[in-house]
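Structure below is work.txt: compact mmCIF, C-alpha atoms and all ligand atoms.
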```txt
# COMPACT_ATOMS: atom_id res chain seq x y z
CA MET A 1 -34.42 144.77 81.02
CA ASN A 2 -33.92 145.42 84.74
CA LEU A 3 -30.83 147.63 84.75
CA ASN A 4 -30.84 148.12 88.52
CA GLN A 5 -30.60 144.37 89.04
CA LEU A 6 -27.85 143.98 86.43
CA ALA A 7 -25.85 146.85 87.92
CA LYS A 8 -26.26 145.40 91.40
CA THR A 9 -24.89 142.03 90.28
CA ALA A 10 -21.99 143.63 88.37
CA ASN A 11 -21.06 145.67 91.43
CA GLU A 12 -21.30 142.62 93.65
CA MET A 13 -18.86 140.80 91.36
CA VAL A 14 -16.13 143.37 92.10
CA ALA A 15 -17.01 144.29 95.70
CA ASP A 16 -14.72 143.74 98.70
CA ASP A 17 -11.59 142.99 96.66
CA ARG A 18 -13.09 139.77 95.39
CA GLY A 19 -12.54 138.27 91.94
CA LEU A 20 -13.80 135.53 89.66
CA LEU A 21 -12.70 131.93 89.32
CA ALA A 22 -12.78 131.11 85.60
CA ALA A 23 -13.56 127.38 85.58
CA ASP A 24 -15.34 127.38 82.22
CA GLU A 25 -12.85 125.35 80.21
CA SER A 26 -14.62 123.51 77.39
CA THR A 27 -14.52 119.70 77.47
CA GLY A 28 -11.53 119.73 75.09
CA THR A 29 -9.56 122.33 77.06
CA ILE A 30 -10.16 120.76 80.48
CA GLY A 31 -9.05 117.48 78.87
CA LYS A 32 -5.62 119.02 78.21
CA ARG A 33 -5.42 120.27 81.80
CA LEU A 34 -6.40 116.87 83.22
CA ASP A 35 -3.99 115.12 80.88
CA SER A 36 -1.13 117.31 82.19
CA VAL A 37 -1.56 115.64 85.61
CA GLY A 38 -2.27 112.17 84.25
CA ALA A 39 -6.04 112.22 84.82
CA GLU A 40 -8.45 110.92 82.20
CA ASN A 41 -10.99 113.32 80.64
CA THR A 42 -14.14 111.62 81.96
CA GLU A 43 -17.33 113.30 83.15
CA ASP A 44 -16.64 112.07 86.70
CA ASN A 45 -13.10 113.45 86.74
CA ARG A 46 -14.29 116.80 85.41
CA ARG A 47 -16.95 116.86 88.12
CA ASP A 48 -14.54 115.74 90.90
CA TYR A 49 -12.06 118.45 89.94
CA ARG A 50 -14.65 121.23 89.81
CA GLU A 51 -16.21 120.00 93.04
CA LEU A 52 -12.78 120.22 94.67
CA LEU A 53 -12.51 123.85 93.53
CA PHE A 54 -16.00 124.90 94.58
CA ARG A 55 -15.89 123.20 97.98
CA ALA A 56 -12.61 124.78 99.09
CA GLU A 57 -13.69 126.04 102.51
CA GLY A 58 -14.04 129.79 102.70
CA LEU A 59 -13.44 130.33 98.96
CA GLY A 60 -16.29 132.87 98.93
CA LYS A 61 -14.24 135.23 101.06
CA ASN A 62 -12.09 136.03 98.03
CA ILE A 63 -14.11 134.72 95.09
CA SER A 64 -17.35 136.51 94.20
CA GLY A 65 -18.31 134.42 91.19
CA ALA A 66 -17.34 131.35 89.20
CA ILE A 67 -17.66 130.98 85.44
CA LEU A 68 -18.92 127.54 84.51
CA TYR A 69 -19.15 125.50 81.34
CA ASP A 70 -22.59 124.22 80.27
CA GLU A 71 -21.92 120.70 81.58
CA THR A 72 -20.86 121.98 85.03
CA LEU A 73 -23.93 124.19 85.45
CA ARG A 74 -26.04 121.01 85.17
CA GLN A 75 -23.80 118.73 87.23
CA SER A 76 -24.23 117.43 90.76
CA ALA A 77 -21.54 116.81 93.36
CA ALA A 78 -20.77 113.28 94.53
CA ASP A 79 -23.32 113.65 97.36
CA GLY A 80 -26.08 114.69 94.95
CA ALA A 81 -26.08 118.46 95.66
CA SER A 82 -25.97 120.53 92.48
CA LEU A 83 -22.65 122.29 91.91
CA VAL A 84 -24.65 125.50 91.55
CA SER A 85 -25.96 125.06 95.10
CA VAL A 86 -22.45 124.29 96.37
CA LEU A 87 -21.31 127.65 94.97
CA GLN A 88 -24.33 129.49 96.32
CA GLY A 89 -23.66 127.98 99.75
CA GLN A 90 -20.23 129.63 99.66
CA GLY A 91 -21.71 133.00 98.68
CA ILE A 92 -20.34 132.64 95.14
CA ILE A 93 -22.42 133.75 92.15
CA PRO A 94 -22.66 131.16 89.34
CA GLY A 95 -21.92 132.40 85.81
CA ILE A 96 -21.91 130.67 82.44
CA LYS A 97 -19.76 130.70 79.31
CA VAL A 98 -22.25 131.13 76.49
CA ASP A 99 -20.02 131.37 73.42
CA THR A 100 -19.42 128.17 71.50
CA GLY A 101 -15.78 128.84 70.79
CA ALA A 102 -13.45 130.72 68.45
CA LYS A 103 -13.65 129.36 64.87
CA ASP A 104 -11.67 130.20 61.72
CA LEU A 105 -12.69 133.61 60.40
CA PRO A 106 -13.53 133.33 56.69
CA GLY A 107 -11.52 135.75 54.56
CA SER A 108 -8.72 136.11 57.06
CA GLU A 109 -5.25 134.71 57.41
CA GLY A 110 -5.43 132.52 60.49
CA GLU A 111 -7.75 134.76 62.51
CA LYS A 112 -10.72 133.72 64.64
CA ILE A 113 -14.36 134.70 65.06
CA THR A 114 -16.27 133.63 68.15
CA GLU A 115 -19.57 131.85 67.49
CA GLY A 116 -22.67 131.17 69.57
CA LEU A 117 -25.28 133.81 68.75
CA ASP A 118 -27.80 131.46 67.11
CA GLY A 119 -30.44 130.50 69.66
CA LEU A 120 -28.73 132.53 72.38
CA PRO A 121 -31.89 134.20 73.81
CA ALA A 122 -33.42 130.78 74.55
CA ARG A 123 -30.18 129.52 76.11
CA VAL A 124 -29.93 132.63 78.27
CA GLU A 125 -33.46 131.99 79.52
CA GLU A 126 -32.56 128.41 80.39
CA TYR A 127 -29.32 129.43 82.12
CA VAL A 128 -31.16 131.98 84.26
CA GLY A 129 -33.51 129.15 85.29
CA LEU A 130 -30.50 127.03 86.26
CA GLY A 131 -29.17 129.77 88.57
CA ALA A 132 -26.69 131.73 86.42
CA ARG A 133 -26.54 135.49 87.00
CA PHE A 134 -23.80 136.47 84.60
CA ALA A 135 -22.35 135.24 81.32
CA LYS A 136 -19.06 135.27 79.45
CA TRP A 137 -18.13 135.54 75.76
CA ARG A 138 -14.48 135.51 74.72
CA ALA A 139 -13.28 137.05 71.47
CA VAL A 140 -9.73 136.27 70.35
CA ILE A 141 -7.45 138.77 68.64
CA THR A 142 -4.09 137.49 67.40
CA ILE A 143 -1.03 139.67 66.78
CA GLY A 144 1.44 138.58 64.08
CA GLY A 145 2.56 139.75 60.64
CA HIS A 146 -0.19 142.07 59.37
CA ASN A 147 -2.68 140.76 61.88
CA PRO A 148 -4.97 141.66 63.47
CA SER A 149 -7.06 142.82 60.52
CA ARG A 150 -9.74 145.48 60.96
CA HIS A 151 -12.15 142.85 59.67
CA CYS A 152 -11.30 140.52 62.57
CA ILE A 153 -11.55 143.24 65.22
CA HIS A 154 -14.79 144.58 63.81
CA THR A 155 -16.61 141.25 63.39
CA ASN A 156 -15.62 140.16 66.89
CA ALA A 157 -16.65 143.49 68.42
CA HIS A 158 -20.00 143.30 66.64
CA ALA A 159 -20.60 139.80 68.00
CA LEU A 160 -19.64 140.94 71.53
CA GLY A 161 -22.21 143.74 71.23
CA ARG A 162 -24.93 141.35 70.09
CA TYR A 163 -24.12 138.88 72.86
CA ALA A 164 -24.05 141.61 75.51
CA LYS A 165 -27.42 143.02 74.48
CA ILE A 166 -29.05 139.58 74.37
CA CYS A 167 -27.71 138.78 77.86
CA GLN A 168 -28.92 142.04 79.36
CA GLU A 169 -32.37 141.57 77.84
CA GLY A 170 -32.47 138.07 79.34
CA GLY A 171 -31.26 139.12 82.80
CA LEU A 172 -27.58 138.08 82.76
CA VAL A 173 -24.67 140.47 83.29
CA PRO A 174 -22.43 140.04 80.24
CA ILE A 175 -18.70 139.74 80.80
CA VAL A 176 -17.31 141.31 77.63
CA GLU A 177 -13.99 139.61 76.93
CA PRO A 178 -11.92 140.79 73.98
CA GLU A 179 -8.61 138.96 74.47
CA VAL A 180 -5.55 140.19 72.61
CA LEU A 181 -3.36 137.10 72.88
CA MET A 182 0.13 137.35 74.35
CA ASP A 183 1.43 134.70 71.90
CA GLY A 184 4.00 136.16 69.50
CA ASN A 185 7.20 138.19 69.37
CA HIS A 186 5.55 141.63 69.49
CA ASP A 187 6.59 144.21 72.03
CA LEU A 188 4.61 146.11 74.67
CA GLU A 189 4.03 149.04 72.33
CA ARG A 190 2.32 146.85 69.75
CA CYS A 191 0.16 145.17 72.36
CA ASP A 192 -0.86 148.64 73.55
CA ARG A 193 -1.83 149.79 70.04
CA VAL A 194 -3.80 146.64 69.26
CA THR A 195 -5.52 146.61 72.66
CA THR A 196 -6.45 150.29 72.24
CA LEU A 197 -7.94 149.72 68.79
CA THR A 198 -9.78 146.62 70.00
CA LEU A 199 -11.28 148.29 73.07
CA ASN A 200 -12.34 151.39 71.14
CA THR A 201 -14.03 149.22 68.52
CA VAL A 202 -15.76 147.12 71.19
CA PHE A 203 -17.13 150.15 73.08
CA ASP A 204 -18.27 151.69 69.81
CA GLU A 205 -20.32 148.54 69.15
CA LEU A 206 -21.67 148.42 72.72
CA TYR A 207 -22.87 151.99 72.22
CA ALA A 208 -24.32 151.30 68.77
CA GLN A 209 -26.21 148.29 70.11
CA ASP A 210 -27.55 150.10 73.18
CA VAL A 211 -25.76 148.01 75.79
CA ALA A 212 -26.02 149.58 79.28
CA LEU A 213 -22.45 149.99 80.50
CA GLU A 214 -23.51 150.03 84.17
CA GLY A 215 -24.56 146.40 83.72
CA ILE A 216 -21.46 144.84 82.16
CA ILE A 217 -18.04 143.66 83.33
CA LEU A 218 -15.03 144.08 81.03
CA LYS A 219 -12.53 141.24 80.96
CA PRO A 220 -9.50 142.38 78.98
CA ASN A 221 -5.90 141.29 78.58
CA MET A 222 -3.22 143.36 80.25
CA VAL A 223 -0.92 145.45 78.07
CA ILE A 224 2.04 143.10 78.14
CA SER A 225 5.02 142.04 75.98
CA GLY A 226 4.42 139.13 73.62
CA SER A 227 5.56 135.87 75.21
CA GLY A 228 8.28 135.49 72.55
CA CYS A 229 9.52 139.10 72.69
CA LYS A 230 13.21 139.42 73.60
CA THR A 231 12.59 142.49 75.75
CA GLN A 232 10.05 141.75 78.46
CA ALA A 233 8.50 144.80 80.12
CA GLY A 234 8.75 144.80 83.92
CA ILE A 235 5.92 144.59 86.43
CA ASP A 236 5.46 148.34 86.90
CA GLU A 237 5.61 149.10 83.19
CA VAL A 238 2.91 146.53 82.42
CA ALA A 239 0.77 147.90 85.24
CA GLU A 240 1.19 151.53 84.23
CA ARG A 241 0.57 150.93 80.52
CA SER A 242 -2.44 148.74 81.23
CA VAL A 243 -4.11 151.36 83.42
CA GLN A 244 -3.26 154.15 80.97
CA CYS A 245 -4.68 152.22 78.00
CA LEU A 246 -7.86 151.33 79.89
CA LYS A 247 -8.37 154.91 81.11
CA ARG A 248 -8.25 156.07 77.52
CA CYS A 249 -10.73 153.49 76.26
CA VAL A 250 -13.17 152.39 78.99
CA PRO A 251 -16.00 154.70 80.14
CA ALA A 252 -16.30 155.32 83.88
CA ALA A 253 -19.84 153.88 83.87
CA VAL A 254 -18.39 150.35 83.70
CA PRO A 255 -18.36 149.03 87.30
CA GLY A 256 -15.43 146.68 87.01
CA ILE A 257 -12.52 145.47 84.94
CA MET A 258 -11.63 141.87 85.73
CA PHE A 259 -8.50 140.76 83.90
CA LEU A 260 -7.86 137.39 82.29
CA SER A 261 -4.44 135.87 83.00
CA GLY A 262 -3.87 134.71 79.43
CA GLY A 263 -0.87 132.45 80.05
CA GLN A 264 0.97 134.62 82.58
CA SER A 265 2.51 132.76 85.51
CA GLU A 266 0.51 132.80 88.71
CA GLU A 267 3.04 135.12 90.33
CA ASP A 268 3.13 137.59 87.40
CA ALA A 269 -0.66 137.78 87.14
CA THR A 270 -0.86 138.65 90.84
CA ALA A 271 2.09 141.07 90.82
CA HIS A 272 0.76 142.99 87.80
CA LEU A 273 -2.69 143.43 89.35
CA ASN A 274 -1.14 144.45 92.64
CA ALA A 275 1.07 147.09 91.02
CA MET A 276 -1.94 148.57 89.20
CA ASN A 277 -3.88 148.96 92.43
CA ALA A 278 -0.92 149.95 94.60
CA LYS A 279 0.72 152.47 92.27
CA PHE A 280 -1.60 153.55 89.48
CA ALA A 281 -4.97 153.83 91.24
CA PRO A 282 -7.37 155.46 91.75
CA ALA A 283 -9.07 154.41 88.57
CA PRO A 284 -12.74 155.04 87.68
CA TRP A 285 -13.60 151.32 87.90
CA LYS A 286 -12.61 148.48 90.22
CA LEU A 287 -9.57 146.55 88.93
CA SER A 288 -9.88 142.86 89.77
CA TYR A 289 -9.26 139.39 88.37
CA SER A 290 -11.09 136.67 86.50
CA TYR A 291 -8.31 134.13 86.27
CA GLY A 292 -8.40 130.60 84.96
CA ARG A 293 -4.89 129.24 84.74
CA ALA A 294 -3.41 131.76 87.19
CA LEU A 295 -5.77 130.49 89.91
CA GLN A 296 -5.74 126.81 89.04
CA GLN A 297 -2.27 125.80 87.87
CA SER A 298 -0.67 124.89 91.21
CA CYS A 299 -3.95 123.54 92.53
CA LEU A 300 -4.26 121.13 89.62
CA LYS A 301 -0.65 119.99 90.10
CA ALA A 302 -1.24 119.43 93.81
CA TRP A 303 -4.34 117.36 93.06
CA GLN A 304 -2.87 114.99 90.43
CA GLY A 305 -6.28 113.37 90.01
CA ASP A 306 -5.92 111.72 93.43
CA ALA A 307 -8.72 111.97 96.02
CA GLY A 308 -6.08 111.82 98.76
CA ASN A 309 -4.72 115.19 97.61
CA VAL A 310 -8.00 117.15 97.66
CA SER A 311 -7.28 119.09 100.87
CA ALA A 312 -3.76 120.01 99.78
CA ALA A 313 -5.03 121.18 96.38
CA GLN A 314 -7.78 123.25 97.99
CA ALA A 315 -5.22 124.92 100.26
CA VAL A 316 -3.21 125.95 97.20
CA LEU A 317 -6.32 127.38 95.48
CA LEU A 318 -7.23 129.37 98.60
CA GLU A 319 -3.70 130.74 98.78
CA ARG A 320 -3.86 132.01 95.17
CA ALA A 321 -7.32 133.51 95.69
CA GLN A 322 -6.12 135.32 98.83
CA ALA A 323 -3.04 136.61 97.02
CA ASN A 324 -5.14 138.00 94.16
CA SER A 325 -7.62 139.63 96.51
CA ALA A 326 -4.68 141.25 98.30
CA ALA A 327 -3.59 142.46 94.84
CA CYS A 328 -7.04 144.08 94.39
CA ALA A 329 -6.28 146.07 97.55
CA GLY A 330 -2.72 146.79 96.40
CA SER A 331 -1.36 145.06 99.48
CA TYR A 332 0.06 141.83 98.06
CA ALA A 333 3.54 140.89 99.20
CA LYS A 334 5.18 137.79 97.77
CA ALA A 335 5.83 135.15 100.45
CA ALA A 336 9.58 134.88 101.15
P1 LIG B 1 -7.00 132.51 81.78
O1 LIG B 1 -6.94 133.36 83.03
O2 LIG B 1 -6.37 131.17 81.94
O3 LIG B 1 -6.55 133.26 80.56
O4 LIG B 1 -8.53 132.16 81.55
C1 LIG B 1 -9.47 133.13 81.74
C2 LIG B 1 -10.59 132.92 80.81
O5 LIG B 1 -11.72 132.83 81.22
C3 LIG B 1 -10.28 132.86 79.38
O6 LIG B 1 -11.44 133.04 78.67
```

For the file at hand, write its structure as structure tokens.
Ligand code: 13P
Amino acid sequence: MNLNQLAKTANEMVADDRGLLAADESTGTIGKRLDSVGAENTEDNRRDYRELLFRAEGLGKNISGAILYDETLRQSAADGASLVSVLQGQGIIPGIKVDTGAKDLPGSEGEKITEGLDGLPARVEEYVGLGARFAKWRAVITIGGHNPSRHCIHTNAHALGRYAKICQEGGLVPIVEPEVLMDGNHDLERCDRVTTLTLNTVFDELYAQDVALEGIILKPNMVISGSGCKTQAGIDEVAERSVQCLKRCVPAAVPGIMFLSGGQSEEDATAHLNAMNAKFAPAPWKLSYSYGRALQQSCLKAWQGDAGNVSAAQAVLLERAQANSAACAGSYAKAA
């Protein structure tokens, strides 16, 4: 394992107030997104949409890396250039989702375990050959009733540790993503407790499995009210509780924390990150973003599957990326 190289890449991912574009939706998930704008889920449409994203001129100014799905890492743009080379041309590091999805967890009541460890070392080797420099694995923790169970948190943390170690051995920086979902009626307090337990369990496993913290990126949820909770915590409260929870759980050796948006609106995801950096920094790690929906929602709507709308859609993507990079600097101001 070349820890210097891993640490260099991880630091590059969070340098200069840049963040990640999560464009690693599986074929099923991107199908739902395409369907929402009336576009068919064909290989060409998936390619055209991702090409639109990656070719947005100047995207690399705000975006340091893009997380791709297996198909995209192998795909070529309409003019024959590989999408990997399109990203590299913009100064954007290609990354790859290596988990194979969250499946039903045996012995639980409606909980999930993320799969994808079988054969992972060989896949990592292939992905490195295709140009990937970092990887992502998402574990899903659901709040509701008596859930999450210790069993669910522990099995997912163990799998994250195994994934992270395999990636580091193979030369990819692992993005460790334990997502406590915002679905449900729970309040901020409960999200905080569950997130704290989850992060402590994850870092315990990373330690037990000898993962080098200087060569990972953490991608957590924010500490936020459940989407169905009657009392919604405000922007500053979410920011303060998120930073407090992370300071208690995440060692300073980790170079960067890059949040997922998890179903927050574009504006909320940006405002929360901005408040963290503007009011609750300094923190021991960089606080940045790795957004999927919160970077793509308006862009997808502007596109509508129509080639005539590509420039307009790219302008919307660039605007969101700029706003989130301003939030990394704590200098985001909502346009009037
Ligand atoms: P969202 O920002 O839409 O939650 O997606 C980020 C991601 O990569 C989820 O795994």

Q.
as a PyMOL selection string, please: the residues near Glu125 in chain A (cut-off 10 Å, all atoms listed in the file, same-chain neighbours under 4 positions excluded).
A. chain A and resi 120-121+129-130+132+167+169-172

**Q.** Nearby residues, ligand LIG 1 (chain B), 8 Å, all atoms listed in the file, as a list of chain:residue names
**A.**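 Counting only what the definition allows, namely all atoms listed in the file, the set is A:Ala22, A:Ala23, A:Asp24, A:Glu25, A:Ile67, A:Lys136, A:Trp137, A:Arg138, A:Glu177, A:Glu179, A:Phe259, A:Leu260, A:Ser261, A:Gly262, A:Gly263, A:Gln264, A:Ser290, A:Tyr291, A:Gly292, A:Arg293, A:Ala294, A:Leu295.
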
Q.
So that I can see what lies close to range 37-43 of chain A, please list as a ChimeraX atom specification the residues with an atom at most 8 Å from it, counting only C-alpha atoms and leaving out residues fewer than 2 positions away in the same chain.
A. /A:27,30-31,33-35,45-47,300-301,304-305

**Q.** Shell of 9 Å around Ser325 in chain A, all atoms listed in the file, local chain residues under 2 positions omitted, as a ChimeraX atom specification
**A.** /A:16-19,62-63,270,274,288-289,320-323,327-332

**Q.** Interatomic distance (Å, one decimal) between CA of Ile141 in chain A and CA of Ile224 in chain A
**A.** 14.1 Å

(Q) My list of candidates is A:Ala66, A:Ala164, A:Val243, A:Val14. Which is closest to Lys286 in chain A when distances are computed with only C-alpha atoms? (A)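 The shortest atom-to-atom distance to Lys286 in chain A comes from A:Val14.
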
Q: Would you please work out which residue, of A:Val223, A:Ile217, A:Gln168, A:Lys334, is nearest to Leu3 in chain A when using all atoms listed in the file?
A: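 For Leu3 in chain A, the nearest of the candidates is A:Gln168.
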
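For the point (-21.4, 116.7, 83.0) in file coordinates, the residues within 12 Å, using all atoms listed in the file, are Ser26, Thr27, Asn41, Thr42, Glu43, Asp44, Asn45, Arg46, Arg47, Asp48, Tyr49, Arg50, Glu51, Leu68, Tyr69, Asp70, Glu71, Thr72, Leu73, Arg74, Gln75, Ser76, Ala77, Ser82 and Leu83 of chain A.
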
(Q) Using all atoms listed in the file for the distances, tell me which of A:Leu87, A:Gly144, A:Gly80, A:Tyr127 is nearest to Leu52 in chain A. (A) A:Leu87

(Q) List as a PyMOL selection string the protein and nucleic acid residues near Asn200 in chain A, meaning an atom at most 9 Å away when all atoms listed in the file are counted, but skip any in the same chain fewer than 3 places from it. (A) chain A and resi 195-197+203-205+248-250

With C-alpha atoms retained, export the selected residues as a PDB file, keeping the file's coordinate frame.
```pdb
ATOM      1  CA  THR A 195      -5.520 146.610  72.660  1.00  0.00           C
ATOM      2  CA  THR A 196      -6.450 150.290  72.240  1.00  0.00           C
ATOM      3  CA  LEU A 197      -7.940 149.720  68.790  1.00  0.00           C
ATOM      4  CA  PHE A 203     -17.130 150.150  73.080  1.00  0.00           C
ATOM      5  CA  ASP A 204     -18.270 151.690  69.810  1.00  0.00           C
ATOM      6  CA  GLU A 205     -20.320 148.540  69.150  1.00  0.00           C
ATOM      7  CA  ARG A 248      -8.250 156.070  77.520  1.00  0.00           C
ATOM      8  CA  CYS A 249     -10.730 153.490  76.260  1.00  0.00           C
ATOM      9  CA  VAL A 250     -13.170 152.390  78.990  1.00  0.00           C
TER      10      VAL A 250
END
```

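Each of A:His272, A:Lys219, A:His146, A:Lys103 was checked against Pro174 in chain A using only C-alpha atoms; the smallest atom-to-atom distance is that of A:Lys219.
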
Q: Identify the residues around (-11.3, 134.6, 72.4) within a radius of 12 Å, measuring from all atoms listed in the file in the coordinates stated by the file, and give them as a PyMOL selection string.
A: chain A and resi 97+99-104+111-115+136-142+152-153+156-157+159-160+176-182+219-221+260+262

Q: Point out the residue among A:Ser108, A:Thr198, A:Ser242, A:Ser225 with the least atom-to-atom distance to Ala281 in chain A, counting all atoms listed in the file.
A: A:Ser242

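Candidate residues A:Gln90, A:Gly95, A:Val254, A:Asn324 were compared for distance to Leu206 in chain A, and the nearest is A:Val254, using all atoms listed in the file.
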
Do you know which residues are at most 12 Å from Glu240 in chain A counting only C-alpha atoms, after dropping those on the same chain fewer than 6 positions away, and could you put them as a tab-separated table (two decimals) with C-alpha atoms, in the frame of the given file?
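In the end it all went to out.tsv:
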```tsv
chain	number	residue	atom	x	y	z
A	188	LEU	CA	4.61	146.11	74.67
A	192	ASP	CA	-0.86	148.64	73.55
A	222	MET	CA	-3.22	143.36	80.25
A	223	VAL	CA	-0.92	145.45	78.07
A	224	ILE	CA	2.04	143.10	78.14
A	233	ALA	CA	8.50	144.80	80.12
A	234	GLY	CA	8.75	144.80	83.92
A	246	LEU	CA	-7.86	151.33	79.89
A	247	LYS	CA	-8.37	154.91	81.11
A	272	HIS	CA	0.76	142.99	87.80
A	273	LEU	CA	-2.69	143.43	89.35
A	274	ASN	CA	-1.14	144.45	92.64
A	275	ALA	CA	1.07	147.09	91.02
A	276	MET	CA	-1.94	148.57	89.20
A	277	ASN	CA	-3.88	148.96	92.43
A	278	ALA	CA	-0.92	149.95	94.60
A	279	LYS	CA	0.72	152.47	92.27
A	280	PHE	CA	-1.60	153.55	89.48
A	281	ALA	CA	-4.97	153.83	91.24
A	283	ALA	CA	-9.07	154.41	88.57
```
